[in-house]
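Report on one structure; see the data block that follows.
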Amino acid sequence: MGASQRLRGVGPGTVRLARAGAGAFLAGMAAFAAVPLAEALGAYPPVRAATAVVLITGLTGCYLWLAVRAVLDRGGRWDIAVLGGMSALAVAVPFAAGPTWVSVGFMLPLAFGVTLRGWWAAAGFFAALVAGVALSASHEMSWVLFGSLQNLLTAGALAGLTIFATLLGELQRTREEAAKLAITEERLRFARELHDVLGHNLSVIAMRTELSTRIPAEQIARLRGELTEIHDIARRSLHDVRAVVKGYREMSLERELSGVRRVLETAGVRCDFAELPPSLTPEVRVALAWAVREAATNLLRHSDATVCLLGVETDGDRVTITVANDGVRPGNGVTAPGAAFGADAAAESTVGGSGLAGLDERLAQVGGSSGRHIEDGWFTLSLDVPGRAMAAALTSATGDGK
């Protein structure tokens, strides 16, 4: 599996793990400050030892501040001031702590590398390394070269780890935005179709209505003619809107599944979809297409899923489709529709014809039903529908109301 394929599975959980790992490693590296601290306390006079302790502690504190904020991607204007103070401390530490200060010599290059941007970061990184070599010039050359190489490798590895965690977070945010844009584009397409259908007819109705108000009362025949024309235009508009909505509803289940898979994978959710039985009627397939779209929309809005599974089970004349994801957020319950996705999803489900309530209505029209439950952090939406044309037709004939 290539690197690009691995990155497709990056989700919120992966980002949190990468940041936690990078933060723990950076914090652990601060333990190297114990080496110069121990030497200062055991080998130097009290005044020099106290000075070394203050300088090394301040340097380590600035390092932790800048490194952790870089991992969390929360840089701010105060970071530059902290970097400036850290630079001053790094210059003073070698004179107070002695040659073992090289144990913390990686801290300043790393701080420059993760705090600044672009060429400034690279220039600061290498300038800090060169400054470390210059400050150690009075010591044995082999020790200086060894310490400088150690600081270069350590600072470079830590900077790469920090930048990697930050890029994973940016990748996740980009995928979330791409998923939102895909949903918005579909809504805009539908809005454009409605505008194209209604815009002209409503303008004509408004114009002819205004003209009708100017017809004298004695020209009743002409007024009736105008009202008849307006009535016909309104009926055509209603027919056109129904045609647009019907075309929007009569979606291809296969195309919808393909689109949902594409959007979810763009958002970093790994999809594993089973094949649906070919015996499903067109009405059932349309209802399932809406159900899959609604499930994917709620997953993107209200969960932290990294995996989405679609399973199929057949039992006689019935087919059960399950859509499951591992993104249940802490504190969600199952006492209300949409609770697994969050309070906002539950609120949406109470609006007739939209959200999960609208999904139930569409399934009921074709003789189907839905169920929801949570187990071990997984939310599962179960869709039970007729598996044969006769069952669907009988139900549609008695309960469709179209």
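Residue names in the structure tokens use chain letters A, B, ... in the order shown, residue numbers from 1 in each chain, and ligand numbers from 1 in the order shown.
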
All residues 12 Å or closer to Glu186 in chain A, only C-alpha atoms, same chain fewer than 4 positions away omitted, as a PyMOL selection string
chain A and resi 179-182+190-193+248+256+259+263+293+297

Can you pull out every residue from range 99-255 of chain A that DSSP, working from the backbone, puts in alpha helix (DSSP H), and format the result as a ChimeraX atom specification?
/A:107-115,118-135,141-212,220-249,253-255

Using only C-alpha atoms, find the one residue out of A:Val93, A:Ala111, A:Ala38, A:Leu171 that sits nearest to Ala155 in chain A.
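Under the stated criterion, the closest residue is A:Ala111.
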
Got a sec: who's within 10 Å of Leu198 in chain A, counting only C-alpha atoms, leaving out chain neighbours fewer than 6 positions off, as a list in words?
Arg192, Val204, Ala234, Arg236, Ser237, Leu238, Asp240 and Val241 of chain A

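Remark: for Thr322 in chain A, the closest of the candidate residues A:Ile205, A:Leu253, A:Leu310, A:Ala287 is A:Leu310 (distances computed over only C-alpha atoms).
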
Need to verify the contact set: Val385 in chain A, 6 Å, only C-alpha atoms, exclusion of same-chain residues closer than 4 positions in sequence. Can you return it as a ChimeraX atom specification?
/A:318-319,368

When you look at Val130 in chain A with a cut-off of 12 Å (counting only C-alpha atoms), what residues show up, excluding the ones that are within fewer than 4 positions of it in the same chain? I need them as a PDB file with N, CA and C atoms, in the first residue's frame.
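Writing done, so here's around-v5.pdb:
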ATOM      1  N   VAL A  91      21.782  31.801  24.135  1.00  0.00           N
ATOM      2  CA  VAL A  91      23.120  32.404  24.049  1.00  0.00           C
ATOM      3  C   VAL A  91      23.799  32.421  25.415  1.00  0.00           C
ATOM      4  N   GLY A 105      20.994  21.641  23.078  1.00  0.00           N
ATOM      5  CA  GLY A 105      21.297  22.481  21.924  1.00  0.00           C
ATOM      6  C   GLY A 105      20.326  22.314  20.771  1.00  0.00           C
ATOM      7  N   PHE A 106      19.519  21.261  20.793  1.00  0.00           N
ATOM      8  CA  PHE A 106      18.540  21.040  19.714  1.00  0.00           C
ATOM      9  C   PHE A 106      17.292  21.897  19.876  1.00  0.00           C
ATOM     10  N   LEU A 108      16.648  25.240  20.408  1.00  0.00           N
ATOM     11  CA  LEU A 108      16.482  26.499  19.667  1.00  0.00           C
ATOM     12  C   LEU A 108      16.295  26.257  18.163  1.00  0.00           C
ATOM     13  N   PRO A 109      17.112  25.407  17.506  1.00  0.00           N
ATOM     14  CA  PRO A 109      16.830  25.142  16.083  1.00  0.00           C
ATOM     15  C   PRO A 109      15.414  24.619  15.846  1.00  0.00           C
ATOM     16  N   ALA A 123      16.112  29.324   7.529  1.00  0.00           N
ATOM     17  CA  ALA A 123      17.247  30.182   7.890  1.00  0.00           C
ATOM     18  C   ALA A 123      17.457  30.198   9.400  1.00  0.00           C
ATOM     19  N   GLY A 124      16.381  30.320  10.159  1.00  0.00           N
ATOM     20  CA  GLY A 124      16.501  30.311  11.609  1.00  0.00           C
ATOM     21  C   GLY A 124      17.013  28.979  12.134  1.00  0.00           C
ATOM     22  N   PHE A 125      16.552  27.891  11.549  1.00  0.00           N
ATOM     23  CA  PHE A 125      16.975  26.553  11.962  1.00  0.00           C
ATOM     24  C   PHE A 125      18.494  26.404  11.844  1.00  0.00           C
ATOM     25  N   PHE A 126      19.034  26.710  10.666  1.00  0.00           N
ATOM     26  CA  PHE A 126      20.471  26.525  10.453  1.00  0.00           C
ATOM     27  C   PHE A 126      21.294  27.605  11.147  1.00  0.00           C
ATOM     28  N   ALA A 134      29.459  28.016  17.179  1.00  0.00           N
ATOM     29  CA  ALA A 134      30.291  29.154  17.558  1.00  0.00           C
ATOM     30  C   ALA A 134      30.418  29.266  19.073  1.00  0.00           C
ATOM     31  N   LEU A 135      29.337  29.019  19.789  1.00  0.00           N
ATOM     32  CA  LEU A 135      29.382  29.120  21.243  1.00  0.00           C
ATOM     33  C   LEU A 135      30.191  27.998  21.873  1.00  0.00           C
ATOM     34  N   SER A 136      30.408  26.922  21.132  1.00  0.00           N
ATOM     35  CA  SER A 136      31.181  25.792  21.648  1.00  0.00           C
ATOM     36  C   SER A 136      32.607  25.779  21.134  1.00  0.00           C
ATOM     37  N   ALA A 137      33.015  26.844  20.453  1.00  0.00           N
ATOM     38  CA  ALA A 137      34.327  26.854  19.794  1.00  0.00           C
ATOM     39  C   ALA A 137      35.476  26.688  20.765  1.00  0.00           C
ATOM     40  N   VAL A 144      32.646  19.237  19.817  1.00  0.00           N
ATOM     41  CA  VAL A 144      31.797  20.233  19.169  1.00  0.00           C
ATOM     42  C   VAL A 144      31.112  19.636  17.943  1.00  0.00           C
ATOM     43  N   LEU A 145      31.895  18.927  17.117  1.00  0.00           N
ATOM     44  CA  LEU A 145      31.320  18.349  15.900  1.00  0.00           C
ATOM     45  C   LEU A 145      30.285  17.274  16.237  1.00  0.00           C
ATOM     46  N   GLY A 147      28.502  17.013  19.014  1.00  0.00           N
ATOM     47  CA  GLY A 147      27.316  17.661  19.578  1.00  0.00           C
ATOM     48  C   GLY A 147      26.485  18.366  18.519  1.00  0.00           C
ATOM     49  N   SER A 148      27.148  19.006  17.562  1.00  0.00           N
ATOM     50  CA  SER A 148      26.425  19.716  16.505  1.00  0.00           C
ATOM     51  C   SER A 148      25.673  18.743  15.612  1.00  0.00           C
ATOM     52  N   LEU A 149      26.316  17.611  15.276  1.00  0.00           N
ATOM     53  CA  LEU A 149      25.627  16.607  14.465  1.00  0.00           C
ATOM     54  C   LEU A 149      24.428  16.031  15.213  1.00  0.00           C
ATOM     55  N   ASN A 151      22.642  17.546  17.507  1.00  0.00           N
ATOM     56  CA  ASN A 151      21.590  18.562  17.546  1.00  0.00           C
ATOM     57  C   ASN A 151      20.893  18.695  16.197  1.00  0.00           C
ATOM     58  N   LEU A 152      21.654  18.594  15.100  1.00  0.00           N
ATOM     59  CA  LEU A 152      21.061  18.680  13.775  1.00  0.00           C
ATOM     60  C   LEU A 152      20.059  17.548  13.557  1.00  0.00           C
TER      61      LEU A 152
END

Please provide as a PyMOL selection string all residues within 12 Å of Gly113 in chain A, with the sequence filter that same-chain residues fewer than 4 positions apart are discarded (counting only C-alpha atoms).
chain A and resi 63+66-67+70+83+106-109+117-129+152+155-163

Residues from last step as file, N, CA and C atoms, as a compact mmCIF listing (two decimals), in the first residue's frame:
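Done, and the output landed in again00.txt:
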# COMPACT_ATOMS: atom_id res chain seq x y z
N TYR A 63 10.90 26.15 25.03
CA TYR A 63 10.88 25.05 24.06
C TYR A 63 9.54 24.31 24.12
N LEU A 66 6.58 26.50 22.68
CA LEU A 66 6.54 26.63 21.22
C LEU A 66 6.28 25.28 20.55
N ALA A 67 6.87 24.21 21.07
CA ALA A 67 6.71 22.90 20.44
C ALA A 67 5.28 22.39 20.56
N ALA A 70 2.92 24.34 18.39
CA ALA A 70 3.10 23.98 16.99
C ALA A 70 2.39 22.67 16.67
N LEU A 83 10.01 33.23 21.19
CA LEU A 83 11.19 32.79 20.43
C LEU A 83 12.36 33.74 20.63
N PHE A 106 19.52 21.26 20.79
CA PHE A 106 18.54 21.04 19.71
C PHE A 106 17.29 21.90 19.88
N MET A 107 17.10 22.47 21.06
CA MET A 107 15.83 23.14 21.35
C MET A 107 15.62 24.40 20.51
N LEU A 108 16.65 25.24 20.41
CA LEU A 108 16.48 26.50 19.67
C LEU A 108 16.29 26.26 18.16
N PRO A 109 17.11 25.41 17.51
CA PRO A 109 16.83 25.14 16.08
C PRO A 109 15.41 24.62 15.85
N ARG A 117 7.85 30.51 9.34
CA ARG A 117 7.29 29.92 8.13
C ARG A 117 8.24 30.13 6.94
N GLY A 118 8.20 29.19 6.00
CA GLY A 118 8.94 29.34 4.75
C GLY A 118 10.44 29.40 4.94
N TRP A 119 11.06 30.31 4.18
CA TRP A 119 12.52 30.45 4.22
C TRP A 119 13.00 30.94 5.57
N TRP A 120 12.16 31.70 6.28
CA TRP A 120 12.56 32.18 7.60
C TRP A 120 12.78 31.00 8.55
N ALA A 121 11.94 30.00 8.45
CA ALA A 121 12.09 28.83 9.31
C ALA A 121 13.40 28.10 9.03
N ALA A 122 13.70 27.88 7.73
CA ALA A 122 14.94 27.20 7.38
C ALA A 122 16.17 28.01 7.79
N ALA A 123 16.11 29.32 7.53
CA ALA A 123 17.25 30.18 7.89
C ALA A 123 17.46 30.20 9.40
N GLY A 124 16.38 30.32 10.16
CA GLY A 124 16.50 30.31 11.61
C GLY A 124 17.01 28.98 12.13
N PHE A 125 16.55 27.89 11.55
CA PHE A 125 16.97 26.55 11.96
C PHE A 125 18.49 26.40 11.84
N PHE A 126 19.03 26.71 10.67
CA PHE A 126 20.47 26.52 10.45
C PHE A 126 21.29 27.61 11.15
N ALA A 127 20.75 28.81 11.28
CA ALA A 127 21.47 29.86 12.01
C ALA A 127 21.65 29.47 13.47
N ALA A 128 20.62 28.87 14.06
CA ALA A 128 20.72 28.44 15.45
C ALA A 128 21.76 27.34 15.60
N LEU A 129 21.85 26.43 14.62
CA LEU A 129 22.88 25.38 14.68
C LEU A 129 24.28 25.98 14.57
N LEU A 152 21.65 18.59 15.10
CA LEU A 152 21.06 18.68 13.77
C LEU A 152 20.06 17.55 13.56
N ALA A 155 16.98 17.87 16.18
CA ALA A 155 16.07 18.97 15.85
C ALA A 155 15.34 18.69 14.53
N GLY A 156 16.06 18.14 13.55
CA GLY A 156 15.41 17.83 12.27
C GLY A 156 14.32 16.79 12.42
N ALA A 157 14.61 15.73 13.20
CA ALA A 157 13.60 14.68 13.39
C ALA A 157 12.39 15.21 14.13
N LEU A 158 12.60 16.00 15.17
CA LEU A 158 11.47 16.54 15.94
C LEU A 158 10.66 17.54 15.11
N ALA A 159 11.35 18.35 14.32
CA ALA A 159 10.63 19.29 13.45
C ALA A 159 9.80 18.56 12.42
N GLY A 160 10.37 17.49 11.84
CA GLY A 160 9.61 16.70 10.87
C GLY A 160 8.40 16.05 11.50
N LEU A 161 8.54 15.54 12.72
CA LEU A 161 7.41 14.92 13.42
C LEU A 161 6.32 15.95 13.70
N THR A 162 6.73 17.14 14.11
CA THR A 162 5.75 18.20 14.41
C THR A 162 5.02 18.63 13.15
N ILE A 163 5.78 18.85 12.08
CA ILE A 163 5.17 19.29 10.82
C ILE A 163 4.25 18.21 10.26

What does the distance from CA of Pro386 in chain A to CA of Leu280 in chain A come to in Å, to one decimal?
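Spanning CA of Pro386 in chain A to CA of Leu280 in chain A is a straight-line distance of 7.5 Å.
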
Go ahead and compute the interatomic distance for CA of Pro36 in chain A and CA of Thr154 in chain A, in Å to one decimal.
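Result for CA of Pro36 in chain A versus CA of Thr154 in chain A: 17.2 Å, one decimal.
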
What's the 10 Å shell around Ala296 in chain A, counting only C-alpha atoms, without same-chain residues fewer than 3 positions away, as a list of chain:residue names?
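Using only C-alpha atoms, the neighbours found are A:Leu257, A:Val260, A:Arg261, A:Val263, A:Leu264, A:Trp290, A:Ala291, A:Val292, A:Arg293, A:Leu299, A:Leu300, A:Arg301, A:Cys308, A:Val323, A:Asn325.
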
Kindly give the distance, in Å, that separates CA of Ser87 in chain A and CA of Ala165 in chain A, rounded to a single decimal.
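Computed distance, CA of Ser87 in chain A to CA of Ala165 in chain A, equals 25.0 Å.
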
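Counting only C-alpha atoms, the residue from A:Ala88, A:Thr57, A:Ala217, A:Ala206 that sits nearest to His231 in chain A is A:Ala206.
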
Option closest in space to Asp73 in chain A, from A:Trp378, A:Phe164, A:Phe25, A:Phe273 [counting only C-alpha atoms]:
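Among the listed residues, the smallest separation from Asp73 in chain A belongs to A:Phe164.
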
Nearest candidate to Gly76 in chain A (options A:Thr174, A:Thr166, A:Thr115, A:Asn201; using only C-alpha atoms)
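Looking only at the distances to Gly76 in chain A, the closest residue turns out to be A:Thr115.
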